[in-house]
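Text of the file upload_37.cif, holding mmCIF, C-alpha atoms and all ligand atoms:
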```cif
data_run
loop_
_atom_site.label_atom_id
_atom_site.label_comp_id
_atom_site.auth_asym_id
_atom_site.auth_seq_id
_atom_site.Cartn_x
_atom_site.Cartn_y
_atom_site.Cartn_z
CA MET A 1 0.00 0.00 0.00
CA PHE A 2 1.33 3.45 -0.83
CA GLN A 3 1.53 6.63 1.29
CA PHE A 4 0.70 10.15 0.12
CA PRO A 5 3.75 12.39 -0.38
CA GLU A 6 4.32 14.89 2.41
CA HIS A 7 3.93 17.74 -0.09
CA MET A 8 2.44 17.80 -3.52
CA LYS A 9 4.78 18.78 -6.34
CA ARG A 10 4.18 22.45 -7.05
CA VAL A 11 1.97 23.17 -10.08
CA PHE A 12 0.26 26.48 -9.19
CA LYS A 13 2.25 29.68 -9.80
CA ASP A 14 0.47 31.43 -6.93
CA PRO A 15 1.56 29.87 -3.60
CA TYR A 16 -1.85 30.64 -2.06
CA ASN A 17 -3.55 28.61 -4.77
CA GLN A 18 -1.08 25.78 -4.19
CA GLN A 19 -1.68 25.85 -0.44
CA GLY A 20 -5.48 26.08 -0.74
CA PHE A 21 -5.55 23.25 -3.24
CA GLU A 22 -3.37 20.97 -1.11
CA GLU A 23 -5.43 21.66 2.01
CA ASN A 24 -8.92 21.36 0.62
CA GLY A 25 -8.51 19.28 -2.54
CA PHE A 26 -9.98 22.00 -4.77
CA ILE A 27 -9.78 25.68 -5.63
CA LYS A 28 -11.83 28.15 -7.70
CA ILE A 29 -10.04 30.25 -10.34
CA PRO A 30 -11.40 32.43 -13.20
CA PHE A 31 -10.48 30.48 -16.35
CA TYR A 32 -12.14 31.51 -19.67
CA ASN A 33 -12.92 35.02 -20.91
CA ALA A 34 -16.20 35.86 -22.72
CA GLU A 35 -14.75 35.26 -26.18
CA GLU A 36 -13.40 31.83 -25.20
CA ILE A 37 -16.76 30.86 -23.69
CA ASP A 38 -18.59 31.82 -26.90
CA TYR A 39 -16.10 29.94 -29.04
CA LEU A 40 -16.32 26.73 -26.97
CA ASN A 41 -20.13 26.85 -26.86
CA GLN A 42 -20.24 27.18 -30.63
CA LEU A 43 -17.62 24.44 -31.10
CA TYR A 44 -19.79 22.05 -29.09
CA GLU A 45 -22.79 22.84 -31.32
CA ASP A 46 -20.67 22.28 -34.44
CA LEU A 47 -18.98 19.06 -33.34
CA HIS A 48 -21.08 16.99 -31.01
CA PRO A 49 -22.77 13.81 -32.20
CA LYS A 50 -26.52 14.41 -32.40
CA GLU A 51 -27.65 11.39 -30.37
CA GLU A 52 -26.23 12.51 -26.99
CA THR A 53 -28.54 12.28 -23.95
CA GLY A 54 -28.35 12.30 -20.15
CA PHE A 55 -24.84 12.72 -18.72
CA PHE A 56 -22.40 12.68 -21.60
CA PRO A 57 -18.63 13.24 -21.46
CA SER A 58 -17.00 13.41 -24.90
CA THR A 59 -14.47 10.83 -23.62
CA PHE A 60 -17.38 8.30 -23.72
CA SER A 61 -18.02 8.93 -27.41
CA LYS A 62 -17.34 6.16 -29.92
CA ASP A 63 -16.51 8.84 -32.48
CA LYS A 64 -12.70 9.13 -32.25
CA GLU A 65 -12.57 12.16 -34.51
CA TYR A 66 -14.97 14.05 -32.24
CA ARG A 67 -12.88 13.10 -29.21
CA GLN A 68 -9.66 14.17 -30.87
CA LYS A 69 -10.93 17.49 -32.22
CA THR A 70 -12.52 18.31 -28.86
CA ASP A 71 -9.28 17.47 -27.07
CA GLU A 72 -7.19 19.63 -29.40
CA GLU A 73 -9.44 22.67 -29.26
CA ILE A 74 -10.09 22.64 -25.51
CA ARG A 75 -6.35 22.44 -24.85
CA ARG A 76 -5.67 25.20 -27.38
CA VAL A 77 -8.25 27.60 -25.93
CA GLY A 78 -7.26 26.79 -22.32
CA HIS A 79 -3.58 27.47 -22.99
CA ARG A 80 -3.80 31.22 -22.20
CA SER A 81 -5.21 30.68 -18.73
CA ILE A 82 -3.18 27.57 -17.98
CA ASN A 83 -0.05 29.53 -18.74
CA GLU A 84 -1.18 32.28 -16.39
CA HIS A 85 -1.90 30.01 -13.41
CA LEU A 86 0.16 26.85 -13.71
CA GLN A 87 3.79 25.76 -14.00
CA ASP A 88 5.70 22.52 -14.65
CA ILE A 89 2.66 20.60 -15.82
CA THR A 90 1.61 18.30 -18.60
CA VAL A 91 -1.90 18.63 -20.01
CA VAL A 92 -3.32 15.21 -20.73
CA CYS A 93 -6.80 15.65 -22.14
CA GLY A 94 -9.51 18.19 -22.91
CA SER A 95 -13.14 17.10 -23.06
CA TYR A 96 -16.74 18.29 -22.86
CA ILE A 97 -18.99 17.05 -20.08
CA VAL A 98 -22.59 17.75 -20.92
CA LYS A 99 -25.77 17.25 -18.94
CA TYR A 100 -28.94 17.18 -20.98
CA PRO A 101 -32.15 17.99 -19.09
CA GLY A 102 -33.66 14.96 -17.38
CA PRO A 103 -33.28 12.72 -14.31
CA GLU A 104 -30.78 10.42 -16.02
CA SER A 105 -28.21 13.24 -16.15
CA ALA A 106 -27.32 12.82 -12.44
CA MET A 107 -23.75 11.79 -11.58
CA GLY A 108 -23.66 9.92 -8.26
CA VAL A 109 -21.17 10.31 -5.40
CA HIS A 110 -17.74 9.12 -6.51
CA GLN A 111 -13.98 9.63 -6.65
CA ASP A 112 -12.46 9.57 -10.14
CA MET A 113 -10.53 6.48 -11.16
CA THR A 114 -6.81 6.29 -10.41
CA LEU A 115 -4.87 7.71 -13.35
CA VAL A 116 -1.50 8.63 -11.84
CA ASP A 117 0.93 7.18 -9.30
CA GLU A 118 -0.52 8.99 -6.26
CA SER A 119 2.46 8.16 -4.06
CA GLU A 120 4.13 11.07 -5.87
CA PHE A 121 1.71 12.82 -8.22
CA THR A 122 -1.76 14.33 -8.28
CA GLY A 123 -4.24 14.14 -11.14
CA ILE A 124 -6.17 17.40 -11.44
CA ASN A 125 -9.32 18.33 -13.34
CA ILE A 126 -10.00 21.89 -14.48
CA TRP A 127 -13.78 21.68 -14.55
CA CYS A 128 -15.20 24.82 -16.12
CA PRO A 129 -18.88 25.45 -16.93
CA LEU A 130 -19.79 27.49 -20.02
CA VAL A 131 -23.06 28.57 -18.32
CA ASN A 132 -23.75 29.99 -14.85
CA LEU A 133 -24.52 27.12 -12.47
CA ASN A 134 -27.55 27.07 -10.22
CA ASP A 135 -29.59 24.62 -8.13
CA GLU A 136 -31.34 23.31 -11.24
CA ASN A 137 -28.74 22.76 -13.94
CA GLY A 138 -26.26 20.30 -12.42
CA VAL A 139 -23.95 22.15 -10.04
CA LEU A 140 -20.89 20.23 -8.76
CA TYR A 141 -20.79 19.24 -5.06
CA VAL A 142 -17.48 18.40 -3.36
CA LEU A 143 -16.53 17.09 0.07
CA PRO A 144 -13.69 19.41 1.13
CA LYS A 145 -10.52 17.64 2.29
CA SER A 146 -11.79 14.21 1.25
CA HIS A 147 -8.84 13.74 -1.12
CA ARG A 148 -6.73 12.88 1.92
CA ILE A 149 -8.98 10.50 3.85
CA PHE A 150 -7.09 7.39 2.73
CA PRO A 151 -4.64 6.59 -0.06
CA THR A 152 -6.85 4.63 -2.46
CA TYR A 153 -6.81 2.66 -5.67
CA ARG A 154 -9.91 3.50 -7.68
CA GLY A 155 -11.64 2.14 -10.75
CA SER A 156 -14.97 0.56 -11.68
CA SER A 157 -13.87 -2.92 -10.56
CA ILE A 158 -12.71 -1.70 -7.10
CA PRO A 159 -15.06 -1.23 -4.10
CA ASN A 160 -15.36 2.42 -2.98
CA ILE A 161 -14.36 3.77 0.42
CA TYR A 162 -17.73 5.50 0.90
CA ASP A 163 -20.09 2.72 -0.19
CA GLU A 164 -21.74 2.42 3.22
CA VAL A 165 -22.05 6.15 4.02
CA PHE A 166 -23.44 7.82 0.88
CA GLU A 167 -26.40 9.38 2.59
CA GLU A 168 -24.44 10.68 5.58
CA LEU A 169 -21.77 12.28 3.39
CA LYS A 170 -24.11 14.12 1.05
CA PRO A 171 -25.23 16.80 3.57
CA LYS A 172 -21.54 17.60 4.23
CA MET A 173 -20.88 18.34 0.57
CA ILE A 174 -20.65 21.86 -0.79
CA PRO A 175 -22.21 23.12 -4.05
CA LEU A 176 -19.85 25.20 -6.21
CA PHE A 177 -22.07 27.78 -7.87
CA LEU A 178 -19.55 28.77 -10.52
CA LYS A 179 -20.18 31.48 -13.09
CA ALA A 180 -19.62 30.71 -16.77
CA GLY A 181 -15.85 30.71 -17.33
CA GLU A 182 -14.99 30.24 -13.66
CA ALA A 183 -13.30 26.88 -12.99
CA VAL A 184 -12.86 24.56 -10.08
CA PHE A 185 -9.49 22.83 -10.11
CA PHE A 186 -10.06 19.62 -8.17
CA ASP A 187 -7.94 16.66 -7.08
CA GLN A 188 -9.31 13.61 -8.84
CA SER A 189 -9.49 11.74 -5.58
CA ILE A 190 -11.88 14.22 -3.92
CA ILE A 191 -15.38 12.86 -3.24
CA HIS A 192 -17.85 14.66 -5.52
CA TYR A 193 -21.19 14.38 -7.31
CA SER A 194 -23.64 16.42 -9.36
CA PRO A 195 -27.45 16.25 -9.26
CA PRO A 196 -29.52 15.96 -12.45
CA ASN A 197 -30.08 18.89 -14.74
CA VAL A 198 -33.75 19.74 -14.21
CA SER A 199 -33.57 23.07 -16.08
CA GLU A 200 -34.71 23.48 -19.67
CA ASN A 201 -31.25 23.89 -21.20
CA LYS A 202 -28.25 21.65 -21.52
CA ARG A 203 -25.32 22.31 -19.20
CA ILE A 204 -21.96 22.31 -20.99
CA VAL A 205 -18.69 22.04 -19.07
CA THR A 206 -15.15 21.65 -20.36
CA ASN A 207 -12.79 19.46 -18.41
CA THR A 208 -9.03 19.73 -18.82
CA TYR A 209 -7.04 17.03 -17.11
CA PHE A 210 -3.42 17.66 -16.11
CA SER A 211 -0.67 16.61 -13.73
CA HIS A 212 2.94 17.46 -12.92
CA LYS A 213 5.28 17.28 -15.92
CA ASP A 214 7.13 14.22 -14.54
CA VAL A 215 3.93 12.27 -13.95
CA ARG A 216 3.73 8.47 -14.13
CA PHE A 217 0.34 7.28 -15.36
CA ARG A 218 -1.26 4.34 -13.55
CA THR A 219 -4.60 2.58 -13.67
CA ALA A 220 -5.81 -0.02 -11.19
CA TYR A 221 -7.86 -3.21 -11.57
CA TYR A 222 -9.30 -5.58 -8.93
CA PRO A 223 -8.76 -9.27 -9.90
CA LYS A 224 -11.38 -10.26 -7.32
CA GLU A 225 -11.79 -13.91 -8.29
CA ASN A 226 -8.11 -14.89 -8.21
CA HIS A 227 -6.62 -12.34 -5.78
CA PRO A 228 -9.26 -10.97 -3.38
CA ASP A 229 -6.71 -8.93 -1.38
CA LYS A 230 -4.69 -7.45 -4.26
CA ILE A 231 -4.85 -4.79 -6.94
CA GLU A 232 -3.22 -5.10 -10.34
CA LEU A 233 -1.55 -1.88 -11.50
CA PHE A 234 -1.08 -0.87 -15.12
CA GLU A 235 1.36 1.62 -16.57
CA GLN A 236 -0.38 3.84 -19.12
CA ASP A 237 0.85 6.48 -21.50
CA MET A 238 -0.29 10.03 -22.30
CA SER A 239 -2.80 8.92 -24.91
CA PHE A 240 -4.78 6.83 -22.43
CA MET A 241 -7.54 9.38 -21.78
CA THR A 242 -8.17 10.16 -25.42
CA ASN A 243 -7.82 6.59 -26.73
CA PHE A 244 -9.25 4.39 -23.99
CA GLU A 245 -12.24 2.52 -25.46
CA GLN A 246 -13.62 1.12 -22.21
CA PHE A 247 -15.08 4.27 -20.59
CA GLY A 248 -18.48 3.89 -22.24
CA ASP A 249 -18.71 0.09 -21.75
CA ASN A 250 -16.58 -2.90 -20.57
CA ILE A 251 -15.45 -0.57 -17.82
CA PHE A 252 -15.51 -3.46 -15.28
CA ASP A 253 -13.18 -5.63 -17.39
CA ARG A 254 -9.42 -5.94 -17.02
CA PRO A 255 -7.86 -3.03 -18.98
CA LYS A 256 -7.08 -3.96 -22.57
CA VAL A 257 -4.41 -1.27 -22.84
CA GLY A 258 -1.30 -0.51 -20.77
CA LYS A 259 1.47 -2.68 -19.35
CA SER A 260 0.74 -4.75 -16.26
CA LEU A 261 3.07 -3.87 -13.36
CA GLY A 262 1.84 -6.83 -11.34
CA LEU A 263 -0.08 -7.17 -8.09
CA VAL A 264 0.14 -5.03 -4.96
CA ASP A 265 -1.45 -5.51 -1.53
CA TYR A 266 -4.53 -3.42 -0.78
CA ASN A 267 -6.62 -3.34 2.41
CA PHE A 268 -9.85 -1.92 0.83
CA PRO A 269 -10.38 0.83 3.45
CA LYS A 270 -13.90 2.03 4.28
CA ILE A 271 -15.04 5.37 5.66
CA ASP A 272 -16.29 5.02 9.20
CA LEU A 273 -18.12 8.26 10.00
CA GLU A 274 -17.31 8.07 13.71
CA ASN A 275 -13.57 8.05 13.09
CA LEU A 276 -13.44 10.01 9.90
CA PHE A 277 -13.30 13.61 10.96
CA ARG A 278 -11.16 15.28 13.57
CA LYS A 279 -13.10 16.66 16.54
CA GLU A 280 -13.59 20.21 15.25
CA VAL A 281 -14.49 18.94 11.81
CA LYS A 282 -17.38 16.97 13.28
CA GLN A 283 -19.09 20.15 14.47
CA GLU A 284 -21.82 21.66 12.35
CA SER A 285 -20.31 25.19 12.70
CA PHE A 286 -17.19 24.00 10.87
CA TRP A 287 -19.25 22.97 7.86
CA GLN A 288 -21.31 26.17 7.90
CA LYS A 289 -18.08 28.19 7.84
CA LEU A 290 -16.67 26.12 4.97
CA LYS A 291 -19.91 26.50 3.03
CA SER A 292 -19.87 30.26 3.40
CA ILE A 293 -16.26 30.43 2.20
CA PHE A 294 -16.74 28.30 -0.88
CA SER A 295 -20.32 28.98 -2.05
O1 LIG B 301 -19.86 17.18 -14.89
C1 LIG B 301 -20.39 16.76 -13.86
O2 LIG B 301 -21.50 17.12 -13.49
C2 LIG B 301 -19.67 15.80 -12.97
C3 LIG B 301 -18.33 15.46 -13.50
C4 LIG B 301 -17.65 14.43 -12.69
O3 LIG B 301 -18.09 14.05 -11.64
C5 LIG B 301 -16.42 13.85 -13.18
O4 LIG B 301 -16.00 14.17 -14.29
O5 LIG B 301 -15.82 13.05 -12.46
#
```

Structure rendered as structure tokens:
Amino acid sequence: MFQFPEHMKRVFKDPYNQQGFEENGFIKIPFYNAEEIDYLNQLYEDLHPKEETGFFPSTFSKDKEYRQKTDEEIRRVGHRSINEHLQDITVVCGSYIVKYPGPESAMGVHQDMTLVDESEFTGINIWCPLVNLNDENGVLYVLPKSHRIFPTYRGSSIPNIYDEVFEELKPKMIPLFLKAGEAVFFDQSIIHYSPPNVSENKRIVTNTYFSHKDVRFRTAYYPKENHPDKIELFEQDMSFMTNFEQFGDNIFDRPKVGKSLGLVDYNFPKIDLENLFRKEVKQESFWQKLKSIFS
């Protein structure tokens, strides 16, 4: 089992952003200007396959050309702001994440799958809506500080640390009512979810995934039948996010890409609410204060 590094490798130019991100697992930063927002909205209309419904990330699309063009353009447009705020990074993938109106557009409580070697690196999403978010159109909720509860291996085949406490965690989570063009940079391992879009319009977000420039990419798979107490790790390359074919389906199968690095021990930790939070963090006033800072 791995340990988290004592300090994250620096990626934010502003030390306050770096510190806030490390402490809480996320940070809000203005990202696109009005012209960039208009361009990316129009690009989505021009490019997206017509049959999309519900919750639809472009990384799920079977249309490789759409995925590639989206990736190229989102990286290109984001470059100005990335250059302003970040240093020593490698940008891995740009994508759209769209919620069409309807109950099936909900995204349940989760942590994103392991994509980097978290003993040394952090995978970060720049999640930026192209519309103002509100209670109706699929705002993102995060559980502050949850990126550091336990070191975890994550993926569809692996049991989650929060499986038994979904309902208790939800009231602790904070909605990020971002304006169009304002981004949340969040650690992939933070616990997060978004309710369905019950407004009349689709909600378009761009997501730009990056890590430190020296990053080692890793994915994790649980070979439950043969090794119930182990995880198999896979080395992946830069193209994994744009080329992986198993996001939309076969996501529970052993990865068909990457090089197996063999088996490692894993103790499948679970959140126990009683022991989870330090004393002051258990108090309701702590959460009220956090909500007022971040909302
Ligand atoms: O776009 C959303 O509403 C949620 C996105 C999300 O949870 C993710 O990409 O992991």

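Closest to Gly78 in chain A among A:Glu200, A:Glu23, A:Glu35, A:Asp163 is A:Glu35, based on only C-alpha atoms.
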
Next on the checklist: Which residues are near ligand LIG 301 (chain B) in this structure, taking near to mean any atom at most 9 Å from a ligand atom and counting only C-alpha atoms and all ligand atoms? Format them as a PyMOL selection string.
Outcome noted: chain A and resi 55-57+96-99+105-113+125+127+129+138-141+188+191-197+203-207

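Omitting Val198 in chain A and its sequence neighbours fewer than 3 positions away, and counting only C-alpha atoms, the residues within 7 Å are Pro101, Gly102, Glu136 and Asn137 of chain A.
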
Item to check | Straight-line distance linking CA of His227 in chain A with CA of Ile190 in chain A, stated in Å to one decimal | outcome: 27.1 Å

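You will find CA of Val131 in chain A at 9.5 Å from CA of Glu182 in chain A.
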
Next on the checklist: At a cut-off of 9 Å, using all atoms listed in the file, what residues contact Asn160 in chain A? Leave out same-chain residues fewer than 2 positions from it and give the result as number ranges by chain.
Outcome noted: A: 110-111, 152-156, 158, 162-164, 268-270

Long-range neighbours of Ser239 in chain A as an mmCIF file with C-alpha atoms, in the frame of the given file, 12 Å cut-off, all atoms listed in the file, 5 positions minimum in chain:
```cif
data_model
loop_
_atom_site.group_PDB
_atom_site.id
_atom_site.type_symbol
_atom_site.label_atom_id
_atom_site.label_comp_id
_atom_site.auth_asym_id
_atom_site.auth_seq_id
_atom_site.Cartn_x
_atom_site.Cartn_y
_atom_site.Cartn_z
ATOM 1 C CA THR A 59 -14.470 10.830 -23.620
ATOM 2 C CA ARG A 67 -12.880 13.100 -29.210
ATOM 3 C CA GLN A 68 -9.660 14.170 -30.870
ATOM 4 C CA ASP A 71 -9.280 17.470 -27.070
ATOM 5 C CA VAL A 91 -1.900 18.630 -20.010
ATOM 6 C CA VAL A 92 -3.320 15.210 -20.730
ATOM 7 C CA CYS A 93 -6.800 15.650 -22.140
ATOM 8 C CA GLY A 94 -9.510 18.190 -22.910
ATOM 9 C CA LEU A 115 -4.870 7.710 -13.350
ATOM 10 C CA PHE A 217 0.340 7.280 -15.360
ATOM 11 C CA PHE A 244 -9.250 4.390 -23.990
ATOM 12 C CA GLU A 245 -12.240 2.520 -25.460
ATOM 13 C CA VAL A 257 -4.410 -1.270 -22.840
ATOM 14 C CA GLY A 258 -1.300 -0.510 -20.770
#
```

Item to check | Nearby residues (only C-alpha atoms) at most 10 Å from Lys145 in chain A, same-chain spacing under 5 positions excluded, as an MDAnalysis selection string | outcome: chainID A and resid 21:26 187 189:191 277

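CA of Ser146 in chain A to CA of Gln19 in chain A spans 15.5 Å [interatomic distance, one decimal].
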
Checklist entry - Which residue gives the smallest distance to His7 in chain A among A:Thr219, A:Ser119, A:Ser260, A:Thr90, with all atoms listed in the file counted? => result A:Ser119

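When all atoms listed in the file are used to measure the gap to Phe12 in chain A, the shortest distance among A:Lys179, A:His212, A:Lys62, A:Lys259 belongs to A:His212.
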
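Between Val165 in chain A and the residues A:Val11, A:Ile74, A:Ile271, A:Val215, the shortest atom-to-atom distance, using all atoms listed in the file, involves A:Ile271.
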